[in-house]
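Engineer: Sharing a structure below in structure tokens format, with a few things to ask.
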Amino acid sequence: MKHFILASIVAGAMALPAAAADYTIMAPAGPGGGWDQTARSLQAAMQQEGISKNVQVLNVPGAGGTIGLAQFASQQKGNANALIVGGYVMVGAILTNKAPVTLKDVTPIARLTGEDEAIVVPAASPLKSIDDLIAALKKDPGSVTWGGGSAGGVDHIAAGLIAKAAGVDPTKVNYIAFAGGGEALAAILGSYVTVGISGYGEFESQIKSGTLRLLATSGEKRVPGADAPTLKEAGLDIAVQNWRMVAAGPGLTAEQKAAITADVKKLATSKTWQETLKTKGWQDTYLDGDAFSQQLAKDISATETVLKEIGLVK
């Protein structure tokens, strides 16, 4: 009888669902930007879908995410409850800042989203079209100030590629980097910079309200609902898309990595997350496992090539 009772207890315990992990997600940037929005969207969706009962978001801004990355890599070794948001911007910042800590020092889990860049000006700007911007750029590159995310990130790369495609020396682009999307937006709205460049989702509400004018977007196709041409339609042979990923701490076991990947995949396929993508205007570019590792290596190599072409990396 004792053996029967013990076996029943063990069987019952085994039948119970595994407790949901509590996660802390680092957004290696200030509030308001794309990484912060991604981290807080992950927080909301994980809790809504019951993937995690308690998710905290931590902001550690600076140097294109490399300050947060270094802190995360040193403090979260073997911690299966810690995640960090990153992406194209971080890849560029690691290269331009010659950061001692790279994505090899963490455990990349999955690519989550893709987002076209948007080129905007304040509603009162004399620049009415992308053609006007190119004309101003050709006349005096230094007089056009670009406000965007961290130096060497996708915003900076896109500005350099636009100049190069227009026949302007990309090393003469007058780019002003901001630590967070909120700071960049304030500078654009206040006309402290000539033109703003960032992910479409970060400007969407201001574009729709009429406080910002959308000159062009950077993807292969027009952004649905956006009344502006792509850069290619404007005669510039460029297609650039920002992407964002999530990574875990270094030194994880195969079982820990598999469990985190399963949670992230459950989130990425959930109704809540799919609704978030629609609301934010983000594209679903989910990729994990070996396929993501291989793609990440290709993206790092391609980014280094582009940064050298526009003079940001020697």
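Following the order of the structure tokens, chains are lettered A, B, ..., residues in each are numbered from 1, and ligands are numbered from 1.
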What are the nearest atom pairs, with distances in Å to one decimal, for all residues of segment 67-164 of chain A that come at most 9 Å from segment 224-247 of chain A, using only C-alpha atoms, set out by chain and rising residue number as a tab-separated table?
Structural biologist:
```
residue	atom	partner	partner_atom	distance
A:Ala82	CA	A:Ala247	CA	8.7
A:Leu83	CA	A:Ala247	CA	5.6
A:Ile84	CA	A:Ala247	CA	5.3
A:Val85	CA	A:Val246	CA	4.6
A:Gly86	CA	A:Met245	CA	5.2
A:Gly87	CA	A:Arg244	CA	4.2
A:Tyr88	CA	A:Trp243	CA	5.7
A:Val89	CA	A:Asn242	CA	7.7
A:Leu103	CA	A:Ala247	CA	8.6
A:Val106	CA	A:Ala247	CA	6.7
A:Thr107	CA	A:Ala247	CA	5.4
A:Pro108	CA	A:Ala247	CA	4.1
A:Ile109	CA	A:Ala247	CA	4.9
A:Ala110	CA	A:Met245	CA	5.6
A:Arg111	CA	A:Met245	CA	4.1
A:Leu112	CA	A:Met245	CA	5.2
A:Thr113	CA	A:Arg244	CA	5.4
A:Gly114	CA	A:Trp243	CA	4.2
A:Glu115	CA	A:Asn242	CA	5.1
A:Asp116	CA	A:Gln241	CA	4.8
A:Glu117	CA	A:Gln241	CA	6.4
A:Ser129	CA	A:Ala228	CA	8.8
A:Ile130	CA	A:Ala234	CA	7.2
A:Asp131	CA	A:Ala234	CA	7.4
A:Val154	CA	A:Asn242	CA	6.2
A:Asp155	CA	A:Asn242	CA	8.5
A:Ile157	CA	A:Val240	CA	8.9
A:Ala158	CA	A:Val240	CA	6.8
A:Leu161	CA	A:Ile238	CA	7.1
A:Ile162	CA	A:Leu236	CA	7.0
```
Engineer: With a distance cut-off of 12 Å and only C-alpha atoms, select the neighbouring residues of Gln76 of chain A, excluding the residue or stretch itself and same-chain residues fewer than 2 positions from it, and output the selection as a ChimeraX atom specification.
Structural biologist: /A:23-26,68-74,78-84,105-107,247-252
Engineer: Which residues in segment 147-277 of chain A does DSSP call helix (DSSP H, G or I)? List them as a ChimeraX atom specification.
Structural biologist: /A:154-165,170-172,181-189,200-209,254-268,271-277
Engineer: Excluding Phe178 of chain A and any residue of its chain fewer than 6 positions from it, enumerate the residues within 12 Å of it, using only C-alpha atoms, and give them as JSON, numbers by chain.
Structural biologist: {"A": [29, 30, 31, 32, 33, 61, 62, 63, 64, 65, 146, 147, 148, 149, 150, 151, 152, 153, 155, 156, 184, 185, 186, 187, 188, 193, 196, 197, 198]}
